[in-house]
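Below: one structure, written as structure tokens.
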Amino acid sequence: MNSLETEHKLINNAFKKIEKFGWDDFNIEKFSKDEKIPLEKVNFFFSTKTILLKKFSKMIDHKVELNLSIQDINSSTIKDNLFELIMLRFEEMQIYKNSLKMIIRSTKDKPILLTQISKNIFNTLDFYLEVARGYDKSILDVFKKNILFLIYSYCFNVWLNDSSRDLSKTMSELDRLLSLAEKFLRKFKEILPI
């Protein structure tokens with residue numbers, strides 16, 4: 001097992017503990033003891049809960065990247081590419097849904113935790129916009145990530161409560177909001193040519 005596989009295994013196990021005990025009661029030292037892994041080894045991968053969240057987000061992005069088809073990306077629209085990337089992310093996070101619900105519940109009285117999660121998502125969406133060819137070096141590039149963040153945040157909450165097998169509710173809302181954003185950007189360009 002290579003270093004990345006070990007890291008992903010530890011993240012999986014950590015999220016199982018979070019699902020069972022909640023975010024507030026999850027503890028790196030206790031996790032190390034429960035897993036019978038030296039604390040130094042666990043700390044090598046994530047020494048704090050904040051770093052665990054960052055590594056989790058990167059792990060999901062890595063899995064999304066493995067499922068990408070460059071040929072499909074190059075032959076699809078920006079909107080379709082963003083739809084595909086975000087839905088792939090939701091699908092990869094499906095097995096962690098209960099853990100994520102626990103974490104989100106804890107953000108209500110922890111603004112610093114919410115800030116860290118938001119930072120991770122912004123990094124992901126920046127990557128997705130790059131991959132989807134969403135940036136065009138116009139003044140609108142400044143707004144695209146923020147608009148996509150609002151869309152993602154809303155659809156994430158829909159996804160958390162979407163019990164349909166094919167995530168149809170999430171897909172429907174994501175498609176609707178991406179279409180609205182696409183129309184808004186097009187109208188903006190018509191009013192203010194750039």
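Letters for chains follow the order of the structure tokens (A, B, ...), residue numbers begin at 1 for each chain, and ligand numbers begin at 1 in the order shown.
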Show me, as a Markdown table, the residues of stretch 95-146 of chain A having an atom within 8 Å of stretch 53-61 of chain A, each with the closest atom pair and its distance in Å, using only C-alpha atoms.
```
| residue | atom | partner | partner_atom | distance |
| --- | --- | --- | --- | --- |
| A:Ile117 | CA | A:Leu53 | CA | 7.2 |
| A:Asn120 | CA | A:Lys54 | CA | 6.1 |
| A:Ile121 | CA | A:Ser57 | CA | 7.7 |
| A:Thr124 | CA | A:Asp61 | CA | 7.0 |
```
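Contact shell of A:Cys155 at 8 Å (only C-alpha atoms; same-chain neighbours under 4 positions omitted): Ile151, Trp159, Thr170, Glu173 and Leu174 of chain A.
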Requested in this report: May I ask which of the residues A:Leu66, A:Val158, A:Ile95, A:Leu129 is the closest one to A:Asn13, counting only C-alpha atoms?
Outcome: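 The answer is A:Ile95, which sits nearest to A:Asn13.
A straight line drawn from atom CA of A:Met102 to atom CA of A:Phe21 is 8.9 Å long.
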May I have the residues within 7 Å of A:Ala132 as an mmCIF file with C-alpha atoms, in the first residue's frame, using only C-alpha atoms and disregarding those fewer than 6 positions away in the same chain?
```cif
data_model
loop_
_atom_site.group_PDB
_atom_site.id
_atom_site.type_symbol
_atom_site.label_atom_id
_atom_site.label_comp_id
_atom_site.auth_asym_id
_atom_site.auth_seq_id
_atom_site.Cartn_x
_atom_site.Cartn_y
_atom_site.Cartn_z
ATOM 1 C CA ILE A 73 -14.432 17.621 -21.382
ATOM 2 C CA ILE A 78 -18.695 24.681 -19.828
ATOM 3 C CA ASN A 81 -18.632 20.074 -17.703
ATOM 4 C CA LEU A 82 -19.369 21.820 -14.403
#
```
Query - Atom-to-atom span, atom CA of A:Gln116 and atom CA of A:Met87, Å - result: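 Rounded to one decimal, the two atoms are 22.0 Å apart.
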Query raised in the report: Which of these, A:Ile112, A:Leu185, A:Lys101, A:Val64, has the shortest distance to A:Ser138 once you count only C-alpha atoms?
Result: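 Residue with the minimum atom-to-atom distance to A:Ser138: A:Leu185.
Here atom CA of A:Met171 and atom CA of A:Ser153 stand 13.7 Å from one another.
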Requested in this report: Compile the contact shell of A:Phe149 as a PyMOL selection string: residues with an atom at most 9 Å away, counting only C-alpha atoms, same-chain residues fewer than 2 positions apart removed.
Outcome: chain A and resi 118+121-122+125+144-147+151-154
Query raised in the report: Using the chain letters and numbers from this document, which residues of stretch 126-161 of chain A does DSSP assign to alpha helix (DSSP H), as a PyMOL selection string?
Result: chain A and resi 126-131+141-160
Report task. Name the closest residue to A:Arg105 among the candidates A:Val131, A:Ile51, A:Leu177, A:Leu160; distances are taken between atoms, counting only C-alpha atoms. Result ->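 Once distances to A:Arg105 are computed over only C-alpha atoms, the minimum belongs to A:Leu160.
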Requested in this report: Would you list the contacts of A:Asn12 as a PyMOL selection string, taking every protein, DNA or RNA residue within 9 Å and counting only C-alpha atoms, but skipping same-chain residues closer than 5 positions in sequence?
Outcome: chain A and resi 7+17+56+96
